[in-house]
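Colleague: Dropping in entry-v4.pdb, which is PDB, C-alpha atoms:
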```
ATOM      1  CA  MET N 216     -18.606   3.937 -45.114  1.00  0.00           C
ATOM      2  CA  VAL N 217     -17.819   3.135 -48.731  1.00  0.00           C
ATOM      3  CA  SER N 218     -14.286   3.854 -49.975  1.00  0.00           C
ATOM      4  CA  ALA N 219     -13.135   5.402 -53.254  1.00  0.00           C
ATOM      5  CA  ASN N 220     -11.544   2.068 -54.161  1.00  0.00           C
ATOM      6  CA  GLU N 221     -14.864   0.242 -53.674  1.00  0.00           C
ATOM      7  CA  ILE N 222     -16.740   2.801 -55.767  1.00  0.00           C
ATOM      8  CA  ARG N 223     -14.324   2.393 -58.647  1.00  0.00           C
ATOM      9  CA  LEU N 224     -14.238  -1.404 -58.341  1.00  0.00           C
ATOM     10  CA  SER N 225     -18.032  -1.413 -58.677  1.00  0.00           C
ATOM     11  CA  ARG N 226     -17.614   0.353 -62.025  1.00  0.00           C
ATOM     12  CA  ILE N 227     -15.155  -2.142 -63.488  1.00  0.00           C
ATOM     13  CA  MET N 228     -16.808  -5.243 -62.002  1.00  0.00           C
ATOM     14  CA  ARG N 229     -20.424  -6.262 -61.491  1.00  0.00           C
ATOM     15  CA  LYS N 230     -21.309  -8.019 -58.259  1.00  0.00           C
ATOM     16  CA  GLY N 231     -17.662  -8.905 -57.826  1.00  0.00           C
ATOM     17  CA  ARG N 232     -17.284 -10.414 -61.301  1.00  0.00           C
ATOM     18  CA  MET N 233     -15.509  -9.097 -64.367  1.00  0.00           C
ATOM     19  CA  LEU N 234     -15.918  -9.348 -68.138  1.00  0.00           C
ATOM     20  CA  CYS N 235     -13.212  -7.158 -69.572  1.00  0.00           C
ATOM     21  CA  ILE N 236     -11.625  -6.600 -72.979  1.00  0.00           C
ATOM     22  CA  PRO N 237      -7.941  -5.633 -72.800  1.00  0.00           C
ATOM     23  CA  MET N 238      -7.261  -3.408 -75.798  1.00  0.00           C
ATOM     24  CA  ASP N 239      -3.752  -2.209 -74.995  1.00  0.00           C
ATOM     25  CA  HIS N 240      -2.177  -4.077 -77.934  1.00  0.00           C
ATOM     26  CA  GLY N 241      -1.759  -0.953 -80.094  1.00  0.00           C
ATOM     27  CA  ILE N 242       1.592  -0.098 -78.506  1.00  0.00           C
ATOM     28  CA  SER N 243       2.999  -3.614 -78.545  1.00  0.00           C
ATOM     29  CA  ASN N 244       1.641  -4.787 -81.916  1.00  0.00           C
ATOM     30  CA  GLY N 245       0.079  -1.830 -83.712  1.00  0.00           C
ATOM     31  CA  PRO N 246      -3.472  -1.656 -85.148  1.00  0.00           C
ATOM     32  CA  ILE N 247      -4.063  -5.411 -85.324  1.00  0.00           C
ATOM     33  CA  GLU N 248      -7.286  -7.021 -86.532  1.00  0.00           C
ATOM     34  CA  GLY N 249     -10.217  -5.813 -84.462  1.00  0.00           C
ATOM     35  CA  LEU N 250      -8.351  -2.823 -83.049  1.00  0.00           C
ATOM     36  CA  GLU N 251      -8.263  -0.641 -86.140  1.00  0.00           C
ATOM     37  CA  ASN N 252     -10.830   1.519 -84.329  1.00  0.00           C
ATOM     38  CA  PRO N 253     -11.045   0.586 -80.620  1.00  0.00           C
ATOM     39  CA  ALA N 254     -13.956   2.958 -79.960  1.00  0.00           C
ATOM     40  CA  ASP N 255     -16.179   1.042 -82.390  1.00  0.00           C
ATOM     41  CA  THR N 256     -15.557  -2.233 -80.548  1.00  0.00           C
ATOM     42  CA  ILE N 257     -16.164  -0.629 -77.148  1.00  0.00           C
ATOM     43  CA  TYR N 258     -19.506   0.897 -78.124  1.00  0.00           C
ATOM     44  CA  LYS N 259     -20.563  -2.263 -79.954  1.00  0.00           C
ATOM     45  CA  CYS N 260     -19.982  -4.467 -76.894  1.00  0.00           C
ATOM     46  CA  GLU N 261     -20.822  -2.228 -73.946  1.00  0.00           C
ATOM     47  CA  GLY N 262     -24.532  -3.052 -73.837  1.00  0.00           C
ATOM     48  CA  HIS N 263     -24.124  -6.836 -73.933  1.00  0.00           C
ATOM     49  CA  GLY N 264     -22.699  -7.732 -70.523  1.00  0.00           C
ATOM     50  CA  LEU N 265     -19.247  -6.184 -70.748  1.00  0.00           C
ATOM     51  CA  THR N 266     -18.113  -4.620 -67.451  1.00  0.00           C
ATOM     52  CA  SER N 267     -14.897  -2.868 -68.480  1.00  0.00           C
ATOM     53  CA  VAL N 268     -12.078  -2.337 -70.948  1.00  0.00           C
ATOM     54  CA  ILE N 269      -8.333  -1.855 -70.568  1.00  0.00           C
ATOM     55  CA  ILE N 270      -6.989   0.838 -72.887  1.00  0.00           C
ATOM     56  CA  ASN N 271      -3.936   3.042 -73.215  1.00  0.00           C
ATOM     57  CA  LYS N 272      -4.245   6.693 -72.199  1.00  0.00           C
ATOM     58  CA  GLY N 273      -4.155   8.000 -75.764  1.00  0.00           C
ATOM     59  CA  ILE N 274      -7.158   5.875 -76.715  1.00  0.00           C
ATOM     60  CA  LEU N 275      -9.043   6.929 -73.578  1.00  0.00           C
ATOM     61  CA  LYS N 276      -8.468  10.604 -74.430  1.00  0.00           C
ATOM     62  CA  SER N 277      -9.555  10.087 -78.058  1.00  0.00           C
ATOM     63  CA  LEU N 278     -12.914   8.412 -77.349  1.00  0.00           C
ATOM     64  CA  PRO N 279     -15.697  10.459 -78.976  1.00  0.00           C
ATOM     65  CA  LYS N 280     -17.992   9.967 -75.967  1.00  0.00           C
ATOM     66  CA  PRO N 281     -17.702   8.484 -72.462  1.00  0.00           C
ATOM     67  CA  PRO N 282     -18.240   4.717 -72.413  1.00  0.00           C
ATOM     68  CA  LYS N 283     -21.044   3.236 -70.334  1.00  0.00           C
ATOM     69  CA  ILE N 284     -18.661   0.709 -68.780  1.00  0.00           C
ATOM     70  CA  GLY N 285     -15.624   0.909 -66.514  1.00  0.00           C
ATOM     71  CA  THR N 286     -12.259   1.919 -67.929  1.00  0.00           C
ATOM     72  CA  LEU N 287      -8.824   0.875 -66.735  1.00  0.00           C
ATOM     73  CA  VAL N 288      -5.894   2.802 -68.152  1.00  0.00           C
ATOM     74  CA  HIS N 289      -2.879   0.651 -68.998  1.00  0.00           C
ATOM     75  CA  PHE N 290       0.431   2.089 -67.861  1.00  0.00           C
ATOM     76  CA  SER N 291       3.123  -0.414 -68.829  1.00  0.00           C
ATOM     77  CA  SER N 292       4.285  -1.127 -72.332  1.00  0.00           C
ATOM     78  CA  SER N 293       6.883  -2.481 -74.718  1.00  0.00           C
ATOM     79  CA  THR N 294       6.846  -3.087 -78.463  1.00  0.00           C
ATOM     80  CA  ALA N 295       7.321  -6.079 -80.739  1.00  0.00           C
ATOM     81  CA  LEU N 296      10.013  -4.016 -82.479  1.00  0.00           C
ATOM     82  CA  SER N 297      12.134  -3.833 -79.333  1.00  0.00           C
ATOM     83  CA  LEU N 298      15.260  -5.851 -78.575  1.00  0.00           C
ATOM     84  CA  SER N 299      13.644  -6.466 -75.143  1.00  0.00           C
ATOM     85  CA  PRO N 300       9.917  -7.028 -75.825  1.00  0.00           C
ATOM     86  CA  ASN N 301       9.374  -8.557 -72.357  1.00  0.00           C
ATOM     87  CA  ARG N 302      10.672  -5.434 -70.621  1.00  0.00           C
ATOM     88  CA  LYS N 303       7.566  -3.422 -69.729  1.00  0.00           C
ATOM     89  CA  MET N 304       8.162   0.223 -68.868  1.00  0.00           C
ATOM     90  CA  LEU N 305       5.819   2.644 -67.112  1.00  0.00           C
ATOM     91  CA  THR N 306       3.960   5.020 -69.424  1.00  0.00           C
ATOM     92  CA  GLY N 307       1.947   6.983 -66.868  1.00  0.00           C
ATOM     93  CA  THR N 308       1.163   7.686 -63.216  1.00  0.00           C
ATOM     94  CA  VAL N 309      -1.811   7.070 -60.975  1.00  0.00           C
ATOM     95  CA  LYS N 310      -2.313  10.817 -60.628  1.00  0.00           C
ATOM     96  CA  GLU N 311      -2.620  10.959 -64.415  1.00  0.00           C
ATOM     97  CA  ALA N 312      -5.213   8.157 -64.325  1.00  0.00           C
ATOM     98  CA  VAL N 313      -7.295  10.201 -61.885  1.00  0.00           C
ATOM     99  CA  ALA N 314      -7.057  13.247 -64.156  1.00  0.00           C
ATOM    100  CA  LEU N 315      -8.143  11.124 -67.142  1.00  0.00           C
ATOM    101  CA  GLY N 316     -11.251   9.934 -65.301  1.00  0.00           C
ATOM    102  CA  ALA N 317     -10.201   6.268 -65.310  1.00  0.00           C
ATOM    103  CA  ASP N 318     -11.789   3.792 -62.918  1.00  0.00           C
ATOM    104  CA  GLY N 319      -8.642   1.693 -62.498  1.00  0.00           C
ATOM    105  CA  VAL N 320      -5.004   1.205 -63.449  1.00  0.00           C
ATOM    106  CA  SER N 321      -3.534  -1.821 -65.227  1.00  0.00           C
ATOM    107  CA  LEU N 322       0.091  -2.993 -65.263  1.00  0.00           C
ATOM    108  CA  HIS N 323       1.730  -5.875 -67.143  1.00  0.00           C
ATOM    109  CA  ILE N 324       4.387  -7.711 -65.137  1.00  0.00           C
ATOM    110  CA  ASN N 325       6.511 -10.536 -66.569  1.00  0.00           C
ATOM    111  CA  ILE N 326       8.017 -12.923 -64.018  1.00  0.00           C
ATOM    112  CA  GLY N 327      10.893 -15.264 -64.791  1.00  0.00           C
ATOM    113  CA  GLY N 328      13.231 -13.197 -66.937  1.00  0.00           C
ATOM    114  CA  LYS N 329      16.128 -10.819 -66.515  1.00  0.00           C
ATOM    115  CA  GLU N 330      13.765  -7.816 -66.608  1.00  0.00           C
ATOM    116  CA  GLU N 331      11.756  -9.079 -63.608  1.00  0.00           C
ATOM    117  CA  PRO N 332      13.346  -6.912 -60.837  1.00  0.00           C
ATOM    118  CA  GLU N 333      12.565  -3.639 -62.603  1.00  0.00           C
ATOM    119  CA  MET N 334       8.938  -4.604 -63.184  1.00  0.00           C
ATOM    120  CA  LEU N 335       8.475  -5.759 -59.580  1.00  0.00           C
ATOM    121  CA  GLU N 336       9.651  -2.350 -58.436  1.00  0.00           C
ATOM    122  CA  GLN N 337       7.153  -0.697 -60.792  1.00  0.00           C
ATOM    123  CA  LEU N 338       4.357  -2.872 -59.402  1.00  0.00           C
ATOM    124  CA  GLY N 339       5.153  -2.065 -55.786  1.00  0.00           C
ATOM    125  CA  LEU N 340       5.484   1.681 -56.315  1.00  0.00           C
ATOM    126  CA  THR N 341       2.339   1.893 -58.466  1.00  0.00           C
ATOM    127  CA  ALA N 342       0.367  -0.101 -55.878  1.00  0.00           C
ATOM    128  CA  ASP N 343       1.398   2.444 -53.254  1.00  0.00           C
ATOM    129  CA  GLN N 344       0.173   5.310 -55.453  1.00  0.00           C
ATOM    130  CA  CYS N 345      -3.102   3.475 -56.159  1.00  0.00           C
ATOM    131  CA  HIS N 346      -3.781   3.003 -52.460  1.00  0.00           C
ATOM    132  CA  ARG N 347      -3.198   6.712 -51.805  1.00  0.00           C
ATOM    133  CA  TRP N 348      -5.652   7.727 -54.535  1.00  0.00           C
ATOM    134  CA  GLY N 349      -8.265   5.021 -53.923  1.00  0.00           C
ATOM    135  CA  MET N 350      -7.610   3.631 -57.395  1.00  0.00           C
ATOM    136  CA  PRO N 351      -8.018  -0.116 -58.088  1.00  0.00           C
ATOM    137  CA  LEU N 352      -4.955  -1.832 -59.530  1.00  0.00           C
ATOM    138  CA  LEU N 353      -5.167  -4.783 -61.915  1.00  0.00           C
ATOM    139  CA  ALA N 354      -1.870  -6.625 -62.297  1.00  0.00           C
ATOM    140  CA  MET N 355      -1.391  -8.758 -65.391  1.00  0.00           C
ATOM    141  CA  MET N 356       0.935 -11.374 -63.926  1.00  0.00           C
ATOM    142  CA  TYR N 357       2.581 -13.490 -66.627  1.00  0.00           C
ATOM    143  CA  PRO N 358       5.125 -16.333 -66.266  1.00  0.00           C
ATOM    144  CA  ARG N 359       7.378 -15.235 -69.103  1.00  0.00           C
ATOM    145  CA  GLY N 360      11.142 -15.308 -69.434  1.00  0.00           C
ATOM    146  CA  GLU N 361      14.293 -17.395 -69.568  1.00  0.00           C
ATOM    147  CA  ASN N 362      13.489 -19.277 -66.342  1.00  0.00           C
ATOM    148  CA  VAL N 363       9.960 -20.327 -67.367  1.00  0.00           C
ATOM    149  CA  PRO N 364      10.014 -23.545 -69.424  1.00  0.00           C
ATOM    150  CA  ASN N 365       6.238 -24.020 -69.142  1.00  0.00           C
ATOM    151  CA  PRO N 366       4.133 -20.877 -68.536  1.00  0.00           C
ATOM    152  CA  HIS N 367       1.076 -23.000 -67.676  1.00  0.00           C
ATOM    153  CA  ASP N 368       2.832 -25.001 -64.941  1.00  0.00           C
ATOM    154  CA  PRO N 369       0.433 -24.747 -61.947  1.00  0.00           C
ATOM    155  CA  GLU N 370       3.254 -24.241 -59.450  1.00  0.00           C
ATOM    156  CA  ILE N 371       4.695 -21.373 -61.488  1.00  0.00           C
ATOM    157  CA  VAL N 372       1.305 -19.776 -62.187  1.00  0.00           C
ATOM    158  CA  GLY N 373       0.435 -20.018 -58.499  1.00  0.00           C
ATOM    159  CA  HIS N 374       3.675 -18.299 -57.536  1.00  0.00           C
ATOM    160  CA  VAL N 375       3.235 -15.561 -60.128  1.00  0.00           C
ATOM    161  CA  ALA N 376      -0.386 -14.871 -59.121  1.00  0.00           C
ATOM    162  CA  ARG N 377       0.591 -14.697 -55.459  1.00  0.00           C
ATOM    163  CA  ILE N 378       3.308 -12.143 -56.276  1.00  0.00           C
ATOM    164  CA  GLY N 379       0.655  -9.809 -57.702  1.00  0.00           C
ATOM    165  CA  ALA N 380      -1.423 -10.025 -54.532  1.00  0.00           C
ATOM    166  CA  GLU N 381       1.597  -9.711 -52.256  1.00  0.00           C
ATOM    167  CA  CYS N 382       2.688  -6.522 -54.046  1.00  0.00           C
ATOM    168  CA  GLY N 383      -0.693  -4.870 -53.551  1.00  0.00           C
ATOM    169  CA  ALA N 384      -2.835  -5.533 -56.635  1.00  0.00           C
ATOM    170  CA  ASP N 385      -6.621  -5.516 -56.144  1.00  0.00           C
ATOM    171  CA  ILE N 386      -7.207  -7.892 -59.067  1.00  0.00           C
ATOM    172  CA  VAL N 387      -4.752 -10.395 -60.544  1.00  0.00           C
ATOM    173  CA  LYS N 388      -4.944 -11.448 -64.172  1.00  0.00           C
ATOM    174  CA  THR N 389      -3.010 -14.584 -65.055  1.00  0.00           C
ATOM    175  CA  LEU N 390      -2.963 -17.676 -67.256  1.00  0.00           C
ATOM    176  CA  TYR N 391      -5.401 -20.543 -66.836  1.00  0.00           C
ATOM    177  CA  THR N 392      -3.519 -23.749 -66.025  1.00  0.00           C
ATOM    178  CA  GLY N 393      -5.757 -26.004 -68.106  1.00  0.00           C
ATOM    179  CA  ASP N 394      -7.692 -27.883 -65.429  1.00  0.00           C
ATOM    180  CA  VAL N 395     -10.131 -27.027 -62.666  1.00  0.00           C
ATOM    181  CA  ASP N 396      -8.330 -28.786 -59.809  1.00  0.00           C
ATOM    182  CA  SER N 397      -4.947 -27.098 -60.210  1.00  0.00           C
ATOM    183  CA  PHE N 398      -6.464 -23.670 -60.846  1.00  0.00           C
ATOM    184  CA  SER N 399      -8.809 -23.881 -57.853  1.00  0.00           C
ATOM    185  CA  LYS N 400      -5.753 -24.296 -55.618  1.00  0.00           C
ATOM    186  CA  ILE N 401      -4.244 -21.159 -57.133  1.00  0.00           C
ATOM    187  CA  VAL N 402      -7.463 -19.217 -56.537  1.00  0.00           C
ATOM    188  CA  LYS N 403      -7.554 -20.326 -52.900  1.00  0.00           C
ATOM    189  CA  SER N 404      -3.935 -19.318 -52.314  1.00  0.00           C
ATOM    190  CA  THR N 405      -4.337 -15.859 -53.874  1.00  0.00           C
ATOM    191  CA  PRO N 406      -6.085 -13.434 -51.461  1.00  0.00           C
ATOM    192  CA  VAL N 407      -7.525 -11.155 -54.176  1.00  0.00           C
ATOM    193  CA  PRO N 408      -9.868 -11.879 -57.114  1.00  0.00           C
ATOM    194  CA  ILE N 409      -8.308 -13.713 -60.058  1.00  0.00           C
ATOM    195  CA  VAL N 410      -9.372 -13.248 -63.677  1.00  0.00           C
ATOM    196  CA  ILE N 411      -7.911 -15.190 -66.572  1.00  0.00           C
ATOM    197  CA  ALA N 412      -6.223 -14.150 -69.782  1.00  0.00           C
ATOM    198  CA  GLY N 413      -7.441 -15.416 -73.134  1.00  0.00           C
ATOM    199  CA  GLY N 414      -4.086 -15.846 -74.819  1.00  0.00           C
ATOM    200  CA  PRO N 415      -3.887 -16.373 -78.609  1.00  0.00           C
ATOM    201  CA  LYS N 416      -7.048 -16.556 -80.702  1.00  0.00           C
ATOM    202  CA  ALA N 417      -8.802 -19.838 -79.853  1.00  0.00           C
ATOM    203  CA  LYS N 418      -9.414 -22.413 -82.590  1.00  0.00           C
ATOM    204  CA  THR N 419     -13.153 -22.489 -81.892  1.00  0.00           C
ATOM    205  CA  ASP N 420     -15.681 -20.419 -79.953  1.00  0.00           C
ATOM    206  CA  LEU N 421     -16.561 -23.464 -77.868  1.00  0.00           C
ATOM    207  CA  ASP N 422     -12.921 -23.782 -76.789  1.00  0.00           C
ATOM    208  CA  ILE N 423     -12.837 -20.296 -75.269  1.00  0.00           C
ATOM    209  CA  LEU N 424     -16.276 -20.718 -73.701  1.00  0.00           C
ATOM    210  CA  GLN N 425     -15.298 -24.056 -72.158  1.00  0.00           C
ATOM    211  CA  MET N 426     -12.124 -22.537 -70.706  1.00  0.00           C
ATOM    212  CA  THR N 427     -14.264 -19.785 -69.224  1.00  0.00           C
ATOM    213  CA  GLU N 428     -16.711 -22.247 -67.685  1.00  0.00           C
ATOM    214  CA  ASP N 429     -13.860 -24.278 -66.189  1.00  0.00           C
ATOM    215  CA  ALA N 430     -12.113 -21.206 -64.784  1.00  0.00           C
ATOM    216  CA  ILE N 431     -15.315 -19.915 -63.187  1.00  0.00           C
ATOM    217  CA  THR N 432     -15.936 -23.386 -61.713  1.00  0.00           C
ATOM    218  CA  ALA N 433     -12.423 -23.214 -60.247  1.00  0.00           C
ATOM    219  CA  GLY N 434     -13.228 -19.901 -58.564  1.00  0.00           C
ATOM    220  CA  ALA N 435     -12.032 -17.260 -61.029  1.00  0.00           C
ATOM    221  CA  LYS N 436     -14.015 -14.023 -60.849  1.00  0.00           C
ATOM    222  CA  GLY N 437     -14.068 -13.407 -64.559  1.00  0.00           C
ATOM    223  CA  VAL N 438     -12.079 -13.007 -67.752  1.00  0.00           C
ATOM    224  CA  THR N 439     -10.028 -10.425 -69.600  1.00  0.00           C
ATOM    225  CA  TYR N 440     -10.085 -11.608 -73.211  1.00  0.00           C
ATOM    226  CA  GLY N 441      -8.528  -9.570 -76.012  1.00  0.00           C
ATOM    227  CA  ARG N 442      -8.227 -11.253 -79.430  1.00  0.00           C
ATOM    228  CA  ASN N 443     -10.930 -13.795 -78.582  1.00  0.00           C
ATOM    229  CA  ILE N 444     -13.397 -10.910 -78.395  1.00  0.00           C
ATOM    230  CA  PHE N 445     -12.179  -7.953 -80.469  1.00  0.00           C
ATOM    231  CA  ALA N 446     -10.945 -10.179 -83.336  1.00  0.00           C
ATOM    232  CA  HIS N 447     -14.193 -12.178 -83.357  1.00  0.00           C
ATOM    233  CA  LYS N 448     -16.469 -11.683 -86.373  1.00  0.00           C
ATOM    234  CA  LYS N 449     -19.275 -10.811 -83.934  1.00  0.00           C
ATOM    235  CA  PRO N 450     -17.592  -9.460 -80.777  1.00  0.00           C
ATOM    236  CA  GLU N 451     -20.861  -8.428 -79.154  1.00  0.00           C
ATOM    237  CA  LYS N 452     -22.178 -11.998 -79.522  1.00  0.00           C
ATOM    238  CA  MET N 453     -19.062 -13.400 -77.880  1.00  0.00           C
ATOM    239  CA  VAL N 454     -19.521 -10.943 -74.999  1.00  0.00           C
ATOM    240  CA  GLN N 455     -23.131 -12.094 -74.608  1.00  0.00           C
ATOM    241  CA  ALA N 456     -22.025 -15.721 -74.503  1.00  0.00           C
ATOM    242  CA  LEU N 457     -19.303 -15.058 -71.930  1.00  0.00           C
ATOM    243  CA  SER N 458     -21.748 -13.049 -69.831  1.00  0.00           C
ATOM    244  CA  GLU N 459     -24.060 -16.060 -69.737  1.00  0.00           C
ATOM    245  CA  ILE N 460     -21.291 -18.119 -68.118  1.00  0.00           C
ATOM    246  CA  ILE N 461     -19.760 -15.493 -65.823  1.00  0.00           C
ATOM    247  CA  PHE N 462     -22.914 -13.901 -64.430  1.00  0.00           C
ATOM    248  CA  LYS N 463     -25.612 -16.541 -64.913  1.00  0.00           C
ATOM    249  CA  LYS N 464     -23.530 -19.674 -64.311  1.00  0.00           C
ATOM    250  CA  GLY N 465     -24.476 -21.065 -67.707  1.00  0.00           C
ATOM    251  CA  THR N 466     -22.533 -23.834 -69.424  1.00  0.00           C
ATOM    252  CA  ALA N 467     -20.325 -23.413 -72.464  1.00  0.00           C
ATOM    253  CA  LYS N 468     -22.769 -25.357 -74.619  1.00  0.00           C
ATOM    254  CA  GLU N 469     -25.674 -23.206 -73.451  1.00  0.00           C
ATOM    255  CA  ALA N 470     -23.686 -20.034 -74.066  1.00  0.00           C
ATOM    256  CA  MET N 471     -22.888 -21.134 -77.638  1.00  0.00           C
ATOM    257  CA  LYS N 472     -26.527 -20.445 -78.483  1.00  0.00           C
ATOM    258  CA  LYS N 473     -25.805 -16.720 -78.076  1.00  0.00           C
ATOM    259  CA  ILE N 474     -23.314 -16.902 -80.927  1.00  0.00           C
ATOM    260  CA  GLU N 475     -24.932 -19.405 -83.309  1.00  0.00           C
TER
END
```
How does the structure come out when it is put into structure tokens?
Modeller:
Amino acid sequence: MVSANEIRLSRIMRKGRMLCIPMDHGISNGPIEGLENPADTIYKCEGHGLTSVIINKGILKSLPKPPKIGTLVHFSSSTALSLSPNRKMLTGTVKEAVALGADGVSLHINIGGKEEPEMLEQLGLTADQCHRWGMPLLAMMYPRGENVPNPHDPEIVGHVARIGAECGADIVKTLYTGDVDSFSKIVKSTPVPIVIAGGPKAKTDLDILQMTEDAITAGAKGVTYGRNIFAHKKPEKMVQALSEIIFKKGTAKEAMKKIE
């Protein structure tokens, strides 16, 4: 018998793979390039291979019409104006996500700084609520803080990803380590699907597509790219190109044809 969690996962992923645009930056950074009107970007990209978006509850409530893709509501935030920008605080509950009609919940957890204990507690308690409501939980697990000299260190990334799974997340989002061998070990030691973050805007489209190809080769189940999609001059074309790699096992060079 199918569970509520499986039903909702099937809305935010496709055949166990994910192509997601996180668009929660409005709280942390304001209306940055590409997010002046989030609804426009969502509707522009939803028919081109996108499986889901991550948005804050206010944006979800303000959408002029229901999207055709899965929605995860983001419930942890801080701002660039804060004295503690790495300290993510809860901005909602799982019960609220159900009432909003969301298909999943997203949390941002920074590991390696003085704010870590508080965020770990948030992750554990939210995971418990998600399990009770049959709501998938995506944990953005970032090595970020005073004790993290190199956030792409495979040993650190592996530890951080494992924390997300151990605390009850259904999907873990984390940083790509930069090479297939080290990341494949992280995938194998994390008992839930891993998707990768895009980070800052890439220098070239081929760079982001090649990272995607390498991550998928290493066993990642997809990507959650923000600026590299919504700040692209043709976001729907970038989604098409990424879809070619994630769902059709195409190469980065082949996928570039969708953009050129």
Colleague: Can you pull out the residues contacting Lys418 of chain N? Cut-off 12 Å, using only C-alpha atoms, and skip same-chain residues under 5 positions away; I want them as a PDB file with C-alpha atoms, in the coordinates of the input.
Modeller:
```pdb
ATOM      1  CA  GLY N 413      -7.441 -15.416 -73.134  1.00  0.00           C
ATOM      2  CA  ILE N 423     -12.837 -20.296 -75.269  1.00  0.00           C
ATOM      3  CA  LEU N 424     -16.276 -20.718 -73.701  1.00  0.00           C
ATOM      4  CA  ARG N 442      -8.227 -11.253 -79.430  1.00  0.00           C
ATOM      5  CA  ASN N 443     -10.930 -13.795 -78.582  1.00  0.00           C
ATOM      6  CA  HIS N 447     -14.193 -12.178 -83.357  1.00  0.00           C
TER       7      HIS N 447
END
```
Colleague: Segment 388-442 of chain N near segment 456-463 of chain N within 12 Å: what's each residue's closest atom pair and its distance in Å to one decimal, counting all atoms listed in the file, ordered by chain then ascending residue number, as CSV?
Modeller:
```
residue,atom,partner,partner_atom,distance
N:Val410,CA,N:Ile461,CA,10.8
N:Ile411,CA,N:Ile461,CA,11.9
N:Gly413,CA,N:Leu457,CA,11.9
N:Asp420,CA,N:Ala456,CA,9.6
N:Leu421,CA,N:Ala456,CA,10.1
N:Asp422,CA,N:Leu457,CA,11.9
N:Ile423,CA,N:Leu457,CA,9.0
N:Leu424,CA,N:Leu457,CA,6.7
N:Gln425,CA,N:Ile460,CA,9.4
N:Met426,CA,N:Leu457,CA,10.4
N:Thr427,CA,N:Ile460,CA,7.3
N:Glu428,CA,N:Ile460,CA,6.2
N:Asp429,CA,N:Ile460,CA,9.8
N:Ala430,CA,N:Ile461,CA,9.6
N:Ile431,CA,N:Ile461,CA,6.8
N:Thr432,CA,N:Ile461,CA,9.7
N:Gly434,CA,N:Ile461,CA,10.7
N:Ala435,CA,N:Ile461,CA,9.3
N:Lys436,CA,N:Ile461,CA,7.7
N:Gly437,CA,N:Ile461,CA,6.2
N:Val438,CA,N:Ile461,CA,8.3
N:Thr439,CA,N:Leu457,CA,10.6
N:Tyr440,CA,N:Leu457,CA,9.9
```
Colleague: Which residues come within 8 Å of Ile386 of chain N, counting only C-alpha atoms, excluding same-chain residues fewer than 3 positions away, as a list in words?
Modeller: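 Listed by chain and then number, they are Pro351, Leu352, Leu353, Ala354, Ala380, Val407, Pro408, Ile409 and Val410 of chain N.
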Colleague: Quick one: of N:Val375, N:Val309, N:Val363, N:Leu390, who's nearest to Lys329 of chain N, counting only C-alpha atoms?
Modeller: N:Val363
Colleague: From the list N:Ala384, N:Val395, N:Ala312, N:Val372, which residue is nearest Leu335 of chain N when using all atoms listed in the file?
Modeller: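 Checking each candidate against Leu335 of chain N, we get N:Ala384 as the closest.
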Colleague: Please enumerate the residues selected by the PyMOL selection byres ((chain N and resi 445) around 9) when evaluated against the supplied file, formatted as an mmCIF file with C-alpha atoms, in the coordinates of the input.
Modeller:
```cif
data_model
loop_
_atom_site.group_PDB
_atom_site.id
_atom_site.type_symbol
_atom_site.label_atom_id
_atom_site.label_comp_id
_atom_site.auth_asym_id
_atom_site.auth_seq_id
_atom_site.Cartn_x
_atom_site.Cartn_y
_atom_site.Cartn_z
ATOM 1 C CA ILE N 236 -11.625 -6.600 -72.979
ATOM 2 C CA MET N 238 -7.261 -3.408 -75.798
ATOM 3 C CA GLU N 248 -7.286 -7.021 -86.532
ATOM 4 C CA GLY N 249 -10.217 -5.813 -84.462
ATOM 5 C CA LEU N 250 -8.351 -2.823 -83.049
ATOM 6 C CA PRO N 253 -11.045 0.586 -80.620
ATOM 7 C CA THR N 256 -15.557 -2.233 -80.548
ATOM 8 C CA ILE N 257 -16.164 -0.629 -77.148
ATOM 9 C CA TYR N 440 -10.085 -11.608 -73.211
ATOM 10 C CA GLY N 441 -8.528 -9.570 -76.012
ATOM 11 C CA ARG N 442 -8.227 -11.253 -79.430
ATOM 12 C CA ASN N 443 -10.930 -13.795 -78.582
ATOM 13 C CA ILE N 444 -13.397 -10.910 -78.395
ATOM 14 C CA ALA N 446 -10.945 -10.179 -83.336
ATOM 15 C CA HIS N 447 -14.193 -12.178 -83.357
ATOM 16 C CA LYS N 448 -16.469 -11.683 -86.373
ATOM 17 C CA LYS N 449 -19.275 -10.811 -83.934
ATOM 18 C CA PRO N 450 -17.592 -9.460 -80.777
ATOM 19 C CA GLU N 451 -20.861 -8.428 -79.154
#
```
Colleague: For a test of reading the model, state the distance in Å between atom CA of His323 of chain N and atom CA of Val454 of chain N, rounded to one decimal.
Modeller: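 According to the coordinates, atom CA of His323 of chain N and atom CA of Val454 of chain N are separated by 23.2 Å.
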Colleague: Just the number, please: distance in Å from atom CA of Lys388 of chain N to atom CA of Tyr357 of chain N, one decimal.
Modeller: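 Separation of atom CA of Lys388 of chain N and atom CA of Tyr357 of chain N: 8.2 Å.
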Colleague: Which of these residues is nearest to Ile378 of chain N, using only C-alpha atoms: N:Glu469, N:Glu261, N:Glu336, N:Asp318?
Modeller: N:Glu336
Colleague: Provide the atom CA of Leu234 of chain N to atom CA of Gln455 of chain N distance in Å, to one decimal place.
Modeller: 10.1 Å
Colleague: Please provide as a list of chain:residue names all residues within 8 Å of Asn271 of chain N, with the sequence filter that same-chain residues fewer than 6 positions apart are discarded (counting all atoms listed in the file).
Modeller: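 The filter keeps N:Met238, N:Asp239, N:Val288, N:His289, N:Phe290.
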Colleague: Go ahead and write the residues just picked, C-alpha atoms, as a CSV table (one decimal), in the coordinates of the input.
Modeller:
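Resulting contents of selection17.csv:
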```csv
chain,number,residue,atom,x,y,z
N,238,MET,CA,-7.3,-3.4,-75.8
N,239,ASP,CA,-3.8,-2.2,-75.0
N,288,VAL,CA,-5.9,2.8,-68.2
N,289,HIS,CA,-2.9,0.7,-69.0
N,290,PHE,CA,0.4,2.1,-67.9
```
